[in-house]
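Participant: My questions will all concern the structure given below.
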Amino acid sequence: MRLTDEERSLLDGAAGQAAKKAMQILVALGDIYGAEDLVPVRSVQVSGVSFHNLGEAGLEWLESMAVDGRVRAVTTLNPAGMDLEEWRAQGIDPGFAERQLRLVAAYTRMGIAPTCTCTPYLVGNLPGPGEHVAWAESSAVAYANSVLGARTNREGGPSALAAALTGRTPRYGLHLDAHRVPEVEVVIEAELASTAAWGALGRVIGKRAGTRVALLRTRARPSVAELKSLGASVVTFGGSPLFFLEGLTPAPGTRPTDSIVVQATDLEGAIAELSDGKDEIDLVALGCPHASLEELAELARMLDGRTVEKETWVCTARPTKLAAEKLGIVAAIERSGARVMADTCFAVTPLESRRGATIATDSAKGAYYASGHNKLRVHLGTVQDCVNAAVTGRWR
Ligand code: F3S
């Protein structure tokens, strides 16, 4: 791979051991994927934050990188394994909390903003169309490519951190025009009226289009919440982290020859495949991907004057929660008994003690991780379905 003089000096260790290690990771990746050079990036999203997933070895590695590693791009962080401030109320073990806080502190020493969210685009890490970035976190990667029009591969934790510490990423895959061409048309005849429906669509696309880049044709005009849900789901179920939505994402003029039609029965089937919960639910989880201020306000309206019967979590980014607190939205939600949690989500926090419990969620990605990763049973439905379940304790 071609390297500039500056990149060579980073590789030689002129800027310290962490930058040297980061360049080694990028060069190795570039060689594997046949990149000709590195492309500068000003925006990075790093994953690999939950101590639940990283463990002691990951913590040790990050602390060694934080000795002299410092970022060269605006860098934000994925959710952690707990609410960093209210972990005691969450029932987190103090030993776990101590390690989780050390982990986030190591990232912060490197200059990474401890946003702890999967929606960096809602909290100030917002690249423009055509901009090369290096993002990890599949839902955010799909949003960056498909909604914002930025260019990123689906980075892993180490490669995203390497990009942050060097301000560069190998130029291959979705950084290249040749890989940003629609390969299959998806004609959506079904009505899409909820985050759950858009999530179900993501599952249908992932399963039927596979890794091909999809051009979505629909009359529906999705909200930010629905686009978040779609992006999270497409990649979770095996789809490409780039899709074009007609009328939203600027696409090259070429039309794919292959076509898929999505009917209402396809979405119903996808929802049914993801739902195996008991009638009585144990936990309601909303905010996957992390809820926006608008979603929190809507939820406060839905919960107004009601009391939840079952434990209800609403996950969001800390900056979004702070804004919602100032507006009285968090207090309005929590008056019902629901809890607004920042920095984490139910897929990355320890939930072993709840195995077999039934969770209600509006997120197809959340449903997948709840059943696979955390061995929970699931009901997937609209936010209103989930609110009703929280209040009555039963699904529908
Ligand atoms: Fe975000 Fe967790 Fe869902 S990281 S996309 S809230 S599984």
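Letters A, B, ... go to the chains of the structure tokens in the order shown; residues in each chain start at 1; ligands are counted from 1 in the same order.
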Pick out the residues sitting within 10 Å of Asn388 of chain A, and hand them over as a ChimeraX atom specification; count only C-alpha atoms, and ignore anything fewer than 6 positions along from it in its own chain.
Facilitator: /A:302-303,306,308-309,382,394-396
Participant: Using only C-alpha atoms and all ligand atoms, find each residue in chain A having at least one atom no more than 7 Å away from ligand 1; report its shortest atom-to-atom pair and that distance in Å (one decimal), rows by chain then rising number, as CSV.
Facilitator:
```
residue,atom,partner,partner_atom_place_in_ligand_line,distance
A:Asn78,CA,ligand 1,4 (S),6.7
A:Pro79,CA,ligand 1,4 (S),5.7
A:Thr117,CA,ligand 1,1 (Fe),6.8
A:Cys118,CA,ligand 1,1 (Fe),4.6
A:Ser139,CA,ligand 1,5 (S),5.6
A:Ala232,CA,ligand 1,5 (S),5.8
A:Gly287,CA,ligand 1,6 (S),6.0
A:Cys288,CA,ligand 1,6 (S),3.7
A:Pro289,CA,ligand 1,5 (S),3.7
A:His290,CA,ligand 1,6 (S),5.1
A:Cys315,CA,ligand 1,6 (S),6.8
A:Thr344,CA,ligand 1,2 (Fe),7.0
A:Cys345,CA,ligand 1,2 (Fe),4.7
A:Phe346,CA,ligand 1,2 (Fe),6.4
A:Ala347,CA,ligand 1,7 (S),4.8
A:Val348,CA,ligand 1,2 (Fe),6.4
A:Lys365,CA,ligand 1,7 (S),6.3
A:Gly366,CA,ligand 1,7 (S),5.1
A:Tyr369,CA,ligand 1,7 (S),6.6
```
Participant: Wanna dump the segment 124-145 of chain A-segment 156-172 of chain A contacts at 12 Å for me, each residue with its shortest atom pair and the distance in Å to one decimal, counting only C-alpha atoms, ordered by chain and number, as a Markdown table?
Facilitator:
```
| residue | atom | partner | partner_atom | distance |
| --- | --- | --- | --- | --- |
| A:His132 | CA | A:Thr169 | CA | 8.7 |
| A:Val133 | CA | A:Thr169 | CA | 7.9 |
| A:Ala134 | CA | A:Ala160 | CA | 6.0 |
| A:Trp135 | CA | A:Ala160 | CA | 6.2 |
| A:Ala136 | CA | A:Gly156 | CA | 5.5 |
| A:Glu137 | CA | A:Gly156 | CA | 7.7 |
| A:Ser138 | CA | A:Gly156 | CA | 9.3 |
| A:Val141 | CA | A:Gly156 | CA | 10.9 |
```
Participant: Write out as a list in words which residues come within 8 Å of Thr211 of chain A when counting only C-alpha atoms, dropping same-chain ones fewer than 5 positions away.
Facilitator: Gly206, Gly238, Gly239 and Ser240 of chain A
Participant: Go ahead and dump the residues you just picked, N, CA and C atoms, as a PDB file, in the first residue's frame.
Facilitator:
```pdb
ATOM      1  N   GLY A 206     -32.450  -7.870   4.369  1.00  0.00           N
ATOM      2  CA  GLY A 206     -31.230  -8.613   4.715  1.00  0.00           C
ATOM      3  C   GLY A 206     -31.312 -10.055   4.256  1.00  0.00           C
ATOM      4  N   GLY A 238     -27.958  -9.381   7.920  1.00  0.00           N
ATOM      5  CA  GLY A 238     -27.071  -9.820   6.844  1.00  0.00           C
ATOM      6  C   GLY A 238     -27.040  -8.938   5.629  1.00  0.00           C
ATOM      7  N   GLY A 239     -27.718  -7.780   5.667  1.00  0.00           N
ATOM      8  CA  GLY A 239     -27.739  -6.909   4.496  1.00  0.00           C
ATOM      9  C   GLY A 239     -26.521  -6.005   4.409  1.00  0.00           C
ATOM     10  N   SER A 240     -26.435  -5.275   3.303  1.00  0.00           N
ATOM     11  CA  SER A 240     -25.326  -4.341   3.095  1.00  0.00           C
ATOM     12  C   SER A 240     -25.513  -3.095   3.957  1.00  0.00           C
TER      13      SER A 240
END
```
Participant: Quick one: distance from atom CA of Ser336 of chain A to atom CA of Arg301 of chain A in Å, one decimal?
Facilitator: 10.9 Å
Participant: Would you list the contacts of Ser353 of chain A as a list in words, taking every protein, DNA or RNA residue within 12 Å and counting only C-alpha atoms, but skipping same-chain residues closer than 3 positions in sequence?
Facilitator: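 Everything that qualifies: Gly91, Ile92, Thr349, Pro350, Gly356, Ala357, Asn374, Lys375 and Leu376 of chain A.
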Participant: Neighbouring residues of segment 100-116 of chain A were defined as those with any atom within 9 Å, considering only C-alpha atoms; residues of the same chain fewer than 6 positions away were excluded. Please report them as an MDAnalysis selection string.
Facilitator: chainID A and resid 46 49:52 58:60 62:82 84 123 164:165 317:319 342:344
Participant: Among segment 334-363 of chain A, which ones does DSSP assign to strand (DSSP E) (computed from the backbone)? Answer as an NGL selection string.
Facilitator: :A and (339-342 or 358-361)
